[in-house]
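Take a look at the structure set out below.
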Amino acid sequence: MLSVRALNTEYQTPKGPPVKAAQDVSFEVPKGKFFTLLGPSGCGKTTTLRSIAGLEKPTSGEIEANGRIVYSSPKNLFVPPNKRNFGMVFQSYAIWPHMTVFSNAAFPLEVRKDKPSRQAIRDKVMQVLSAVQLDHLAEREATRLSGGQQQRLALARALVMEPEILLLDEPLSNLDAKLREAMRFELKRIQRENGLTTIYVTHDQGEALALSHEIAVMSEGRIVQIGAPRDIYNHPRTKFVADFIGTTNFIDGNVKGFDDKAGRYRIDTAVGDMLVQADARFENGAPVSISIRPEDIELSERDLQADGGSNIYRGMIDTTVFLGDFVDVQVKVGNAMLQARSHPSLGAGEDDAITLRINPDKCVAIADESRGRRAA
Ligand SMILES: Nc1ncnc2c1ncn2[C@@H]1O[C@H](COP(=O)(O)OP(=O)(O)OP(=O)(O)O)[C@@H](O)[C@H]1O
Ligand SMILES: [Mg+2]
């Protein structure tokens, strides 16, 4: 298990105040789990990862790995990186040229003070090379590998030390889209088969959703939400998280009332009344933003209003974009433009009238501090 508690890391600058790159960062990763730090460029992901590795010295906080404290400001304790036994793969991994695949993977063992025997090194290296499926290329020069193979070699080199914890900083970022997707599955397999506690850094939300047991979304040095991928996707707590994790529609409104029985809020919006769910508690009149995923807007050429039910609106198709497996449809509802994702069998096209139905469970109300309160 890895536990990071109230971690703060700053960078000194020649002029001006220090950069507060990681602020009050706290999270726990159970043994064998895949944990992702996700956020836009500059939000502090690498800083947090390097602080865990011991490559940056935090200003305060505590880091504990499998019951051993490796950094603590109150205890004035700092274990140097080479004594932490964490494996790390950087965004720009370095493969040593003029060396075979085997020697690249063996290198961390060769330079160890308590260097294992030749046979022990051979066994261990071949074991990690087969874990990343490079054993058949052991004797090849490392530079004569594809991008994805080099990536796997970098991973093998991190695994050869049998790290307690694996730290990965955007390890797939310099691969092309297709290879990146294939490596995602590989990475997940290696992680699972070896029961590796993994901290993964990425700014790619699709990657985070696909790989992680849990995701921490970061913004401006702070973690703004932690949860399982589905939880973060379906219950974003802020506009930032909703917007960052995939495409979403935002509809502004004000709370009109709360239905105790259904546990739903009624919101007054520009497209009409909307029943929604919320994790937070709102008073009447409170300004909210409703987040709705495109795939949760059902489009029908039939007039669904006749069936009764809530959250049914009439609109007009503005544009459609055919994407193979689905169609992205921009629908004008009153003054609002909503994006829906529909099945390619949708017959209606541009300028056709259409009915929208949105399941209230899929409408998430989020506090919107940017607008003022309004009397209900
Ligand atoms: N050595 C440094 N000296 C001063 N400021 C730094 C240093 N390294 C990073 N920073 C600043 O700290 C903040 C966090 O940087 P960090 O590298 O952790 O971001 P990141 O989330 O990994 O971004 P990216 O996705 O671009 O890699 C940024 O504002 C960055 O400019
Ligand atoms: Mg980074």
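Every chain in the structure tokens takes a letter, A first, then B, and so on in the order presented; its residues are numbered from 1, and the ligands are numbered from 1 following the presented order.
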
>> 7 Å from ligand 1 is the threshold here; counting only C-alpha atoms and all ligand atoms, which polymer residues fall inside it? Answer as a PyMOL selection string.
In response: chain A and resi 11-13+19-21+39-48+202-203+221

Dump as a PDB file, in the first residue's frame, selection limited to N, CA and C atoms:
```pdb
ATOM      1  N   TYR A  11       8.691  24.733  -5.884  1.00  0.00           N
ATOM      2  CA  TYR A  11       9.926  25.000  -6.613  1.00  0.00           C
ATOM      3  C   TYR A  11      10.324  26.437  -6.338  1.00  0.00           C
ATOM      4  N   GLN A  12      11.607  26.632  -6.009  1.00  0.00           N
ATOM      5  CA  GLN A  12      12.097  27.996  -5.817  1.00  0.00           C
ATOM      6  C   GLN A  12      12.323  28.627  -7.179  1.00  0.00           C
ATOM      7  N   THR A  13      12.009  29.891  -7.298  1.00  0.00           N
ATOM      8  CA  THR A  13      12.310  30.600  -8.539  1.00  0.00           C
ATOM      9  C   THR A  13      13.277  31.731  -8.218  1.00  0.00           C
ATOM     10  N   VAL A  19       6.904  28.381  -6.698  1.00  0.00           N
ATOM     11  CA  VAL A  19       5.763  27.766  -7.386  1.00  0.00           C
ATOM     12  C   VAL A  19       5.217  26.649  -6.500  1.00  0.00           C
ATOM     13  N   LYS A  20       3.959  26.764  -6.121  1.00  0.00           N
ATOM     14  CA  LYS A  20       3.340  25.706  -5.302  1.00  0.00           C
ATOM     15  C   LYS A  20       2.789  24.639  -6.228  1.00  0.00           C
ATOM     16  N   ALA A  21       3.646  23.680  -6.593  1.00  0.00           N
ATOM     17  CA  ALA A  21       3.312  22.722  -7.651  1.00  0.00           C
ATOM     18  C   ALA A  21       2.419  21.588  -7.166  1.00  0.00           C
ATOM     19  N   GLY A  39      -4.879  15.089 -15.120  1.00  0.00           N
ATOM     20  CA  GLY A  39      -5.145  16.528 -15.112  1.00  0.00           C
ATOM     21  C   GLY A  39      -4.423  17.195 -16.260  1.00  0.00           C
ATOM     22  N   PRO A  40      -4.765  18.461 -16.512  1.00  0.00           N
ATOM     23  CA  PRO A  40      -4.160  19.184 -17.636  1.00  0.00           C
ATOM     24  C   PRO A  40      -2.687  19.506 -17.391  1.00  0.00           C
ATOM     25  N   SER A  41      -2.017  19.920 -18.415  1.00  0.00           N
ATOM     26  CA  SER A  41      -0.601  20.254 -18.344  1.00  0.00           C
ATOM     27  C   SER A  41      -0.334  21.277 -17.241  1.00  0.00           C
ATOM     28  N   GLY A  42       0.677  21.015 -16.439  1.00  0.00           N
ATOM     29  CA  GLY A  42       1.086  21.971 -15.410  1.00  0.00           C
ATOM     30  C   GLY A  42       0.331  21.859 -14.101  1.00  0.00           C
ATOM     31  N   CYS A  43      -0.556  20.851 -13.958  1.00  0.00           N
ATOM     32  CA  CYS A  43      -1.381  20.763 -12.748  1.00  0.00           C
ATOM     33  C   CYS A  43      -0.646  20.126 -11.571  1.00  0.00           C
ATOM     34  N   GLY A  44       0.553  19.566 -11.824  1.00  0.00           N
ATOM     35  CA  GLY A  44       1.343  19.040 -10.706  1.00  0.00           C
ATOM     36  C   GLY A  44       1.474  17.520 -10.657  1.00  0.00           C
ATOM     37  N   LYS A  45       1.132  16.848 -11.731  1.00  0.00           N
ATOM     38  CA  LYS A  45       1.184  15.376 -11.763  1.00  0.00           C
ATOM     39  C   LYS A  45       2.615  14.862 -11.612  1.00  0.00           C
ATOM     40  N   THR A  46       3.512  15.361 -12.480  1.00  0.00           N
ATOM     41  CA  THR A  46       4.903  14.897 -12.445  1.00  0.00           C
ATOM     42  C   THR A  46       5.547  15.253 -11.112  1.00  0.00           C
ATOM     43  N   THR A  47       5.247  16.441 -10.618  1.00  0.00           N
ATOM     44  CA  THR A  47       5.793  16.871  -9.327  1.00  0.00           C
ATOM     45  C   THR A  47       5.395  15.886  -8.224  1.00  0.00           C
ATOM     46  N   THR A  48       4.126  15.501  -8.211  1.00  0.00           N
ATOM     47  CA  THR A  48       3.650  14.561  -7.201  1.00  0.00           C
ATOM     48  C   THR A  48       4.370  13.219  -7.333  1.00  0.00           C
ATOM     49  N   THR A 202      -1.161  10.736 -16.326  1.00  0.00           N
ATOM     50  CA  THR A 202      -1.552  11.017 -17.711  1.00  0.00           C
ATOM     51  C   THR A 202      -2.449  12.259 -17.765  1.00  0.00           C
ATOM     52  N   HIS A 203      -2.478  12.885 -18.954  1.00  0.00           N
ATOM     53  CA  HIS A 203      -3.455  13.962 -19.135  1.00  0.00           C
ATOM     54  C   HIS A 203      -4.569  13.471 -20.067  1.00  0.00           C
ATOM     55  N   GLY A 221      -2.335  22.094  -8.905  1.00  0.00           N
ATOM     56  CA  GLY A 221      -1.583  21.578  -7.768  1.00  0.00           C
ATOM     57  C   GLY A 221      -2.386  20.791  -6.752  1.00  0.00           C
TER      58      GLY A 221
END
```

>> Need the shell around stretch 70-77 of chain A: protein/DNA/RNA residues with any atom at most 6 Å away, counting only C-alpha atoms. Skip same-chain ones fewer than 3 positions apart. Format as a VMD selection string?
In response: chain A and resid 60 to 64

> Which residues, written as a PyMOL selection string, have at least one atom at most 9 Å from stretch 336-351 of chain A, with only C-alpha atoms counted and residues fewer than 4 positions away on the same chain left out?
Replying inline: chain A and resi 247-251+270-271+293-301+316-320+322-332

>> Neighbouring residues of stretch 225-240 of chain A were defined as those with any atom within 7 Å, considering only C-alpha atoms; residues of the same chain fewer than 3 positions away were excluded. Please report them as a list in words.
In response: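 These residues fall inside the cut-off: Leu209, Ser212, His213, Glu214, Ile215, Ala216, Val217, Asp243, Phe244, Ile245, Val364 and Ile366 of chain A.
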
> Within 9 Å of A:Leu187, counting only C-alpha atoms, which residues qualify if same-chain residues fewer than 3 places away don't, as a list of chain:residue names?
Replying inline: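 My list of contacting residues is A:Val132, A:Arg152, A:Leu155, A:Ala182, A:Met183, A:Arg184, A:Ile190, A:Gln191, A:Arg192, A:Leu211.
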
Write the selection just made, keeping all heavy atoms, as a PDB file, in the first residue's frame?
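Written output follows (part36.pdb):
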```pdb
ATOM      1  N   VAL A 132       7.033  -8.865 -20.531  1.00  0.00           N
ATOM      2  CA  VAL A 132       6.684  -7.808 -21.487  1.00  0.00           C
ATOM      3  C   VAL A 132       6.778  -8.325 -22.935  1.00  0.00           C
ATOM      4  O   VAL A 132       6.739  -7.557 -23.878  1.00  0.00           O
ATOM      5  CB  VAL A 132       7.570  -6.544 -21.312  1.00  0.00           C
ATOM      6  CG1 VAL A 132       7.426  -5.969 -19.911  1.00  0.00           C
ATOM      7  CG2 VAL A 132       9.025  -6.845 -21.619  1.00  0.00           C
ATOM      8  N   ARG A 152       8.192  -1.173 -23.934  1.00  0.00           N
ATOM      9  CA  ARG A 152       8.107  -2.363 -23.090  1.00  0.00           C
ATOM     10  C   ARG A 152       9.449  -2.672 -22.438  1.00  0.00           C
ATOM     11  O   ARG A 152       9.509  -3.157 -21.318  1.00  0.00           O
ATOM     12  CB  ARG A 152       7.626  -3.563 -23.919  1.00  0.00           C
ATOM     13  CG  ARG A 152       6.113  -3.552 -24.069  1.00  0.00           C
ATOM     14  CD  ARG A 152       5.624  -4.757 -24.792  1.00  0.00           C
ATOM     15  NE  ARG A 152       5.713  -4.567 -26.236  1.00  0.00           N
ATOM     16  CZ  ARG A 152       5.659  -5.562 -27.114  1.00  0.00           C
ATOM     17  NH1 ARG A 152       5.543  -6.796 -26.709  1.00  0.00           N
ATOM     18  NH2 ARG A 152       5.720  -5.309 -28.390  1.00  0.00           N
ATOM     19  N   LEU A 155       9.857  -0.572 -19.471  1.00  0.00           N
ATOM     20  CA  LEU A 155       9.046  -1.141 -18.400  1.00  0.00           C
ATOM     21  C   LEU A 155       9.769  -2.340 -17.771  1.00  0.00           C
ATOM     22  O   LEU A 155       9.810  -2.479 -16.544  1.00  0.00           O
ATOM     23  CB  LEU A 155       7.695  -1.569 -18.994  1.00  0.00           C
ATOM     24  CG  LEU A 155       6.583  -1.932 -18.037  1.00  0.00           C
ATOM     25  CD1 LEU A 155       6.303  -0.795 -17.077  1.00  0.00           C
ATOM     26  CD2 LEU A 155       5.320  -2.267 -18.842  1.00  0.00           C
ATOM     27  N   ALA A 182      -2.853  -0.498 -27.976  1.00  0.00           N
ATOM     28  CA  ALA A 182      -2.390  -1.870 -27.757  1.00  0.00           C
ATOM     29  C   ALA A 182      -1.576  -1.948 -26.463  1.00  0.00           C
ATOM     30  O   ALA A 182      -1.735  -2.883 -25.670  1.00  0.00           O
ATOM     31  CB  ALA A 182      -1.547  -2.329 -28.938  1.00  0.00           C
ATOM     32  N   MET A 183      -0.721  -0.935 -26.218  1.00  0.00           N
ATOM     33  CA  MET A 183       0.124  -0.930 -25.023  1.00  0.00           C
ATOM     34  C   MET A 183      -0.684  -0.764 -23.738  1.00  0.00           C
ATOM     35  O   MET A 183      -0.294  -1.246 -22.684  1.00  0.00           O
ATOM     36  CB  MET A 183       1.177   0.182 -25.117  1.00  0.00           C
ATOM     37  CG  MET A 183       2.459  -0.218 -25.827  1.00  0.00           C
ATOM     38  SD  MET A 183       3.248  -1.690 -25.130  1.00  0.00           S
ATOM     39  CE  MET A 183       3.829  -1.057 -23.553  1.00  0.00           C
ATOM     40  N   ARG A 184      -1.814  -0.065 -23.852  1.00  0.00           N
ATOM     41  CA  ARG A 184      -2.702   0.084 -22.706  1.00  0.00           C
ATOM     42  C   ARG A 184      -3.092  -1.278 -22.154  1.00  0.00           C
ATOM     43  O   ARG A 184      -3.041  -1.528 -20.965  1.00  0.00           O
ATOM     44  CB  ARG A 184      -3.996   0.759 -23.154  1.00  0.00           C
ATOM     45  CG  ARG A 184      -4.080   2.193 -22.830  1.00  0.00           C
ATOM     46  CD  ARG A 184      -5.421   2.714 -23.265  1.00  0.00           C
ATOM     47  NE  ARG A 184      -5.252   4.057 -23.780  1.00  0.00           N
ATOM     48  CZ  ARG A 184      -6.184   4.730 -24.425  1.00  0.00           C
ATOM     49  NH1 ARG A 184      -7.351   4.168 -24.677  1.00  0.00           N
ATOM     50  NH2 ARG A 184      -5.945   5.947 -24.829  1.00  0.00           N
ATOM     51  N   ILE A 190       0.259  -6.695 -17.549  1.00  0.00           N
ATOM     52  CA  ILE A 190       1.495  -6.831 -16.775  1.00  0.00           C
ATOM     53  C   ILE A 190       1.247  -6.408 -15.328  1.00  0.00           C
ATOM     54  O   ILE A 190       1.684  -7.062 -14.385  1.00  0.00           O
ATOM     55  CB  ILE A 190       2.629  -5.991 -17.410  1.00  0.00           C
ATOM     56  CG1 ILE A 190       2.980  -6.560 -18.787  1.00  0.00           C
ATOM     57  CG2 ILE A 190       3.851  -5.950 -16.509  1.00  0.00           C
ATOM     58  CD1 ILE A 190       3.794  -5.621 -19.653  1.00  0.00           C
ATOM     59  N   GLN A 191       0.523  -5.311 -15.171  1.00  0.00           N
ATOM     60  CA  GLN A 191       0.226  -4.805 -13.843  1.00  0.00           C
ATOM     61  C   GLN A 191      -0.582  -5.827 -13.041  1.00  0.00           C
ATOM     62  O   GLN A 191      -0.273  -6.124 -11.890  1.00  0.00           O
ATOM     63  CB  GLN A 191      -0.552  -3.479 -13.976  1.00  0.00           C
ATOM     64  CG  GLN A 191      -0.862  -2.780 -12.669  1.00  0.00           C
ATOM     65  CD  GLN A 191      -2.190  -3.176 -12.073  1.00  0.00           C
ATOM     66  OE1 GLN A 191      -3.105  -3.596 -12.775  1.00  0.00           O
ATOM     67  NE2 GLN A 191      -2.293  -3.079 -10.763  1.00  0.00           N
ATOM     68  N   ARG A 192      -1.588  -6.393 -13.696  1.00  0.00           N
ATOM     69  CA  ARG A 192      -2.476  -7.328 -13.022  1.00  0.00           C
ATOM     70  C   ARG A 192      -1.770  -8.640 -12.697  1.00  0.00           C
ATOM     71  O   ARG A 192      -1.809  -9.117 -11.577  1.00  0.00           O
ATOM     72  CB  ARG A 192      -3.705  -7.589 -13.906  1.00  0.00           C
ATOM     73  CG  ARG A 192      -4.880  -8.195 -13.165  1.00  0.00           C
ATOM     74  CD  ARG A 192      -6.050  -8.422 -14.096  1.00  0.00           C
ATOM     75  NE  ARG A 192      -5.623  -9.036 -15.325  1.00  0.00           N
ATOM     76  CZ  ARG A 192      -5.951  -8.602 -16.548  1.00  0.00           C
ATOM     77  NH1 ARG A 192      -6.690  -7.537 -16.692  1.00  0.00           N
ATOM     78  NH2 ARG A 192      -5.519  -9.226 -17.623  1.00  0.00           N
ATOM     79  N   LEU A 211      -7.718   2.315 -17.721  1.00  0.00           N
ATOM     80  CA  LEU A 211      -6.716   1.559 -16.971  1.00  0.00           C
ATOM     81  C   LEU A 211      -6.945   1.470 -15.470  1.00  0.00           C
ATOM     82  O   LEU A 211      -6.526   0.516 -14.841  1.00  0.00           O
ATOM     83  CB  LEU A 211      -5.339   2.199 -17.183  1.00  0.00           C
ATOM     84  CG  LEU A 211      -4.681   2.043 -18.558  1.00  0.00           C
ATOM     85  CD1 LEU A 211      -3.450   2.937 -18.635  1.00  0.00           C
ATOM     86  CD2 LEU A 211      -4.296   0.594 -18.795  1.00  0.00           C
TER      87      LEU A 211
END
```
